[in-house]
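Working notes for the structure below.
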Amino acid sequence: MKYLKITETPSNHDDLEQLDTASILTKMNEEDKKVAEAVAHVIPQIEKLVDALVMRFMDGGRLFYIGAGTSGRLGILDASEIPPTFGMPHERVVGLIAGGDTAIRKAVENAEDDTVQAWQDLMAHHINSNDVIVGIAASGTTPYVLGGIRDAKKNGLLTAGITNNPGSPLAVAADIPIAIDVGPEFVTGSTRMKSGTSQKLVLNMISTALMIRIGRVKGNKMVNMQLSNNKLVDRGTRYVMDGLGISYSKAAVLLQEHGSVKKAIEAGR
């Protein structure tokens with residue numbers, strides 16, 4: 001199927017090597033300003049995904065991101081932040097990358113061209129019908145991602161696709177397509193730039209909205225965060241202090257006794 005591959009269209013800027021540093025940075029910033037507006041256009045699709053995730057999470061379902069290269073790394077980044085930020089088990093939001101963990105730091109040759117590996121990677125996590133698979137691919141053509149989405153659908157799982165090419169194979173294949181048109185990249189074809197930024201924004205929205213909807217945030221506070229360092233213990237203490245209207249020292253004692261902001265506030269009340 002033919003479609004306009006926006007991610008490969010020529011940059012709006014040329015002769016980049018002739019620009020001074022200030023001009024390069026200013027023009028990059030001008031392009032970056034377009035990203036949030038492009039994301040705004042796909043909020044209805046993100047909403048569909050989040051609402052579907054909430055229902056499945058309540059039944060014990062999980063969220064899996066699959067991707068290659070930058071897209072895969074962004075999925076892993078988002079997944080890795082869920083336990084410390086919201087106190088959820090690591091296995092509830094999982095990021096998988098073509099080529100395995102080695103590919104997080106170093107590209108693995110031809111890994112993204114394997115059409116069956118994604119499903120094998122998912123099967124290692126004992127995938128089930130309550131789980132949701134989100135494929136991430138700026139081009140919308142990555143075989144690893146397309147194969148994973150295809151096999152997930154065959155096995156009755158809900159799928160979504162985050163891409164920067166409307167009408168791409170991923171946008172067509174996924175049950176919930178999230179196609180973010182950010183226009184051509186500043187450096188032609190370099191999808192680690194605006195495309196990657198848009199993917200990061202969308203992933204933030206998906207996981208944060210999900211965590212709020214399932215009760216992992218109170219007011220505007222991360223009441224279930226892991227207290228894994230002094231900075232977070234201090235933050236948690238201040239949350240308890242504000243929530244109960246008590247002194248810092250009393251809040252610190254409650255937090256130490258109960259191990260989480262949420263439990264400390266509940267006990268203090």
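Lettering and numbering for the structure tokens are positional, with chains as A, B, ... in the shown order, residues counted from 1 in each chain, and ligands counted from 1 in the shown order.
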How close does each residue of stretch 136-173 of chain A get to stretch 21-43 of chain A, giving the shortest atom pair and distance in Å to one decimal for every residue with an atom at most 12 Å away, counting only C-alpha atoms, sorted by chain and residue number, as CSV?
residue,atom,partner,partner_atom,distance
A:Gly161,CA,A:Val42,CA,11.9
A:Ile162,CA,A:Val42,CA,10.1
A:Thr163,CA,A:Val42,CA,11.0
A:Asn164,CA,A:Ala38,CA,9.8
A:Asn165,CA,A:Ala38,CA,12.0
A:Pro166,CA,A:Val42,CA,11.0
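Residues of stretch 74-174 of chain A that DSSP places in strand (DSSP E or B), based on the backbone of this structure, are Val93, Val94, Gly95, Leu96, Ile97, Val132, Ile133, Val134, Gly135, Ile136, Leu158, Thr159, Ala160, Gly161, Ile162 and Thr163 of chain A.
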Write the residues of the selection above to a file with C-alpha atoms, as a short mmCIF file (atom, residue, chain, number, x, y, z; two decimals), in the first residue's frame.
data_model
loop_
_atom_site.label_atom_id
_atom_site.label_comp_id
_atom_site.auth_asym_id
_atom_site.auth_seq_id
_atom_site.Cartn_x
_atom_site.Cartn_y
_atom_site.Cartn_z
CA VAL A 93 4.57 -2.28 32.37
CA VAL A 94 7.30 -3.89 30.26
CA GLY A 95 9.45 -2.51 27.44
CA LEU A 96 10.88 -4.89 24.83
CA ILE A 97 13.46 -3.95 22.20
CA VAL A 132 -2.16 -4.79 25.75
CA ILE A 133 0.62 -4.52 23.17
CA VAL A 134 1.78 -1.09 21.99
CA GLY A 135 4.09 -1.08 18.98
CA ILE A 136 6.34 1.96 18.55
CA LEU A 158 -5.67 -5.49 22.04
CA THR A 159 -2.99 -3.61 20.08
CA ALA A 160 -2.00 0.01 19.56
CA GLY A 161 0.61 1.58 17.31
CA ILE A 162 2.58 4.78 17.85
CA THR A 163 3.98 6.04 14.54
#
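Ranking A:Asn204, A:Ser260, A:Thr188, A:Thr141 by their shortest atom-to-atom distance to A:Gln226, with only C-alpha atoms included, puts A:Ser260 first.
Nearest to A:Asn224 of all the residues A:Met58, A:Val253, A:Ile66, A:Val240 is A:Val240, based on only C-alpha atoms.
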What are the DSSP helix (DSSP H, G or I) residues of stretch 26-204 of chain A, as a PDB file with C-alpha atoms, in the first residue's frame?
ATOM      1  CA  THR A  26      17.299  28.258  17.006  1.00  0.00           C
ATOM      2  CA  LYS A  27      16.045  26.417  13.929  1.00  0.00           C
ATOM      3  CA  MET A  28      15.945  23.106  15.825  1.00  0.00           C
ATOM      4  CA  ASN A  29      13.898  24.790  18.532  1.00  0.00           C
ATOM      5  CA  GLU A  30      11.506  26.180  15.913  1.00  0.00           C
ATOM      6  CA  GLU A  31      10.897  22.644  14.663  1.00  0.00           C
ATOM      7  CA  ASP A  32      10.513  21.258  18.188  1.00  0.00           C
ATOM      8  CA  LYS A  33       7.732  23.767  18.915  1.00  0.00           C
ATOM      9  CA  LYS A  34       5.583  21.923  16.377  1.00  0.00           C
ATOM     10  CA  VAL A  35       5.699  18.630  18.294  1.00  0.00           C
ATOM     11  CA  ALA A  36       3.262  19.357  21.147  1.00  0.00           C
ATOM     12  CA  GLU A  37       0.643  20.615  18.701  1.00  0.00           C
ATOM     13  CA  ALA A  38       0.983  17.446  16.636  1.00  0.00           C
ATOM     14  CA  VAL A  39       0.505  15.364  19.789  1.00  0.00           C
ATOM     15  CA  ALA A  40      -2.626  17.364  20.665  1.00  0.00           C
ATOM     16  CA  ILE A  43      -5.360  12.870  22.121  1.00  0.00           C
ATOM     17  CA  PRO A  44      -8.660  11.143  21.179  1.00  0.00           C
ATOM     18  CA  GLN A  45      -6.714   8.032  20.146  1.00  0.00           C
ATOM     19  CA  ILE A  46      -4.574   8.148  23.290  1.00  0.00           C
ATOM     20  CA  GLU A  47      -7.792   8.412  25.310  1.00  0.00           C
ATOM     21  CA  LYS A  48      -9.145   5.240  23.689  1.00  0.00           C
ATOM     22  CA  LEU A  49      -5.984   3.380  24.607  1.00  0.00           C
ATOM     23  CA  VAL A  50      -5.873   4.606  28.209  1.00  0.00           C
ATOM     24  CA  ASP A  51      -9.532   3.759  28.827  1.00  0.00           C
ATOM     25  CA  ALA A  52      -8.995   0.270  27.404  1.00  0.00           C
ATOM     26  CA  LEU A  53      -5.875  -0.161  29.543  1.00  0.00           C
ATOM     27  CA  VAL A  54      -7.695   0.858  32.736  1.00  0.00           C
ATOM     28  CA  MET A  55     -10.282  -1.885  32.296  1.00  0.00           C
ATOM     29  CA  ARG A  56      -7.660  -4.535  31.598  1.00  0.00           C
ATOM     30  CA  PHE A  57      -5.344  -3.395  34.412  1.00  0.00           C
ATOM     31  CA  MET A  58      -8.176  -3.780  36.883  1.00  0.00           C
ATOM     32  CA  GLY A  69      16.267   1.408  18.066  1.00  0.00           C
ATOM     33  CA  THR A  70      15.213   4.768  19.487  1.00  0.00           C
ATOM     34  CA  SER A  71      11.565   3.709  19.658  1.00  0.00           C
ATOM     35  CA  GLY A  72      12.419   0.579  21.611  1.00  0.00           C
ATOM     36  CA  ARG A  73      14.622   2.519  24.018  1.00  0.00           C
ATOM     37  CA  LEU A  74      11.870   5.057  24.666  1.00  0.00           C
ATOM     38  CA  GLY A  75       9.454   2.248  25.519  1.00  0.00           C
ATOM     39  CA  ILE A  76      11.960   0.749  27.943  1.00  0.00           C
ATOM     40  CA  LEU A  77      12.571   4.178  29.495  1.00  0.00           C
ATOM     41  CA  ASP A  78       8.870   4.735  30.121  1.00  0.00           C
ATOM     42  CA  ALA A  79       8.376   1.248  31.543  1.00  0.00           C
ATOM     43  CA  SER A  80      11.397   1.525  33.831  1.00  0.00           C
ATOM     44  CA  GLU A  81      10.023   4.680  35.479  1.00  0.00           C
ATOM     45  CA  ILE A  82       6.723   3.116  36.559  1.00  0.00           C
ATOM     46  CA  PRO A  83       7.950   1.179  39.657  1.00  0.00           C
ATOM     47  CA  PRO A  84       9.873   4.068  41.282  1.00  0.00           C
ATOM     48  CA  THR A  85       7.301   6.716  40.376  1.00  0.00           C
ATOM     49  CA  PHE A  86       4.080   4.844  41.077  1.00  0.00           C
ATOM     50  CA  HIS A  90       8.146  -4.165  37.317  1.00  0.00           C
ATOM     51  CA  GLU A  91       6.145  -6.782  35.431  1.00  0.00           C
ATOM     52  CA  ARG A  92       3.025  -4.612  34.987  1.00  0.00           C
ATOM     53  CA  ASP A 101      18.870  -5.803  26.349  1.00  0.00           C
ATOM     54  CA  THR A 102      22.139  -5.517  24.424  1.00  0.00           C
ATOM     55  CA  ALA A 103      20.361  -3.234  21.962  1.00  0.00           C
ATOM     56  CA  ILE A 104      19.551  -0.693  24.668  1.00  0.00           C
ATOM     57  CA  ALA A 111      17.394  -7.359  14.796  1.00  0.00           C
ATOM     58  CA  GLU A 112      14.590  -5.065  13.703  1.00  0.00           C
ATOM     59  CA  ASP A 113      14.079  -7.063  10.492  1.00  0.00           C
ATOM     60  CA  GLN A 117      11.039 -12.399  17.435  1.00  0.00           C
ATOM     61  CA  ALA A 118       8.667  -9.888  19.051  1.00  0.00           C
ATOM     62  CA  TRP A 119       6.026 -12.536  19.685  1.00  0.00           C
ATOM     63  CA  GLN A 120       8.654 -14.886  21.058  1.00  0.00           C
ATOM     64  CA  ASP A 121       9.816 -12.097  23.371  1.00  0.00           C
ATOM     65  CA  LEU A 122       6.234 -11.535  24.497  1.00  0.00           C
ATOM     66  CA  MET A 123       5.609 -15.245  25.033  1.00  0.00           C
ATOM     67  CA  PRO A 143       9.240  -5.688  10.794  1.00  0.00           C
ATOM     68  CA  TYR A 144       9.889  -6.548  14.470  1.00  0.00           C
ATOM     69  CA  VAL A 145       7.021  -4.298  15.527  1.00  0.00           C
ATOM     70  CA  LEU A 146       4.651  -5.251  12.709  1.00  0.00           C
ATOM     71  CA  GLY A 147       5.214  -8.953  13.360  1.00  0.00           C
ATOM     72  CA  GLY A 148       4.527  -8.495  17.057  1.00  0.00           C
ATOM     73  CA  ILE A 149       1.314  -6.567  16.420  1.00  0.00           C
ATOM     74  CA  ARG A 150       0.177  -9.131  13.846  1.00  0.00           C
ATOM     75  CA  ASP A 151       0.741 -12.084  16.174  1.00  0.00           C
ATOM     76  CA  ALA A 152      -0.777 -10.287  19.159  1.00  0.00           C
ATOM     77  CA  LYS A 153      -3.962  -9.643  17.182  1.00  0.00           C
ATOM     78  CA  LYS A 154      -4.064 -13.267  16.017  1.00  0.00           C
ATOM     79  CA  PRO A 169       1.443  -0.349   7.869  1.00  0.00           C
ATOM     80  CA  LEU A 170       1.567   0.026  11.667  1.00  0.00           C
ATOM     81  CA  ALA A 171      -1.217   2.612  11.663  1.00  0.00           C
ATOM     82  CA  VAL A 172      -3.318   0.267   9.531  1.00  0.00           C
ATOM     83  CA  ALA A 173      -2.526  -2.901  11.504  1.00  0.00           C
ATOM     84  CA  LYS A 194      10.970  15.362  16.499  1.00  0.00           C
ATOM     85  CA  SER A 195       9.548  11.872  16.022  1.00  0.00           C
ATOM     86  CA  GLY A 196      11.331  10.588  19.105  1.00  0.00           C
ATOM     87  CA  THR A 197      10.242  13.618  21.127  1.00  0.00           C
ATOM     88  CA  SER A 198       6.625  13.079  20.120  1.00  0.00           C
ATOM     89  CA  GLN A 199       6.820   9.418  21.092  1.00  0.00           C
ATOM     90  CA  LYS A 200       8.209  10.354  24.513  1.00  0.00           C
ATOM     91  CA  LEU A 201       5.352  12.789  25.071  1.00  0.00           C
ATOM     92  CA  VAL A 202       2.738  10.205  24.098  1.00  0.00           C
ATOM     93  CA  LEU A 203       4.297   7.515  26.287  1.00  0.00           C
ATOM     94  CA  ASN A 204       4.303   9.944  29.230  1.00  0.00           C
TER      95      ASN A 204
END
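Computed from the coordinates, the atom CA of A:Gly67 to atom CA of A:Gly156 distance equals 20.0 Å.
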Exercise for the section: For atom CA of A:Gly215 and atom CA of A:Asn155, determine how far apart the two atoms are, in Å to one decimal place. Expected result: 29.6 Å
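Between A:Thr191 and the candidates A:Gly243, A:Gly140, A:Gly259, A:Gly61, the tightest atom-to-atom separation, counting only C-alpha atoms, involves A:Gly140.
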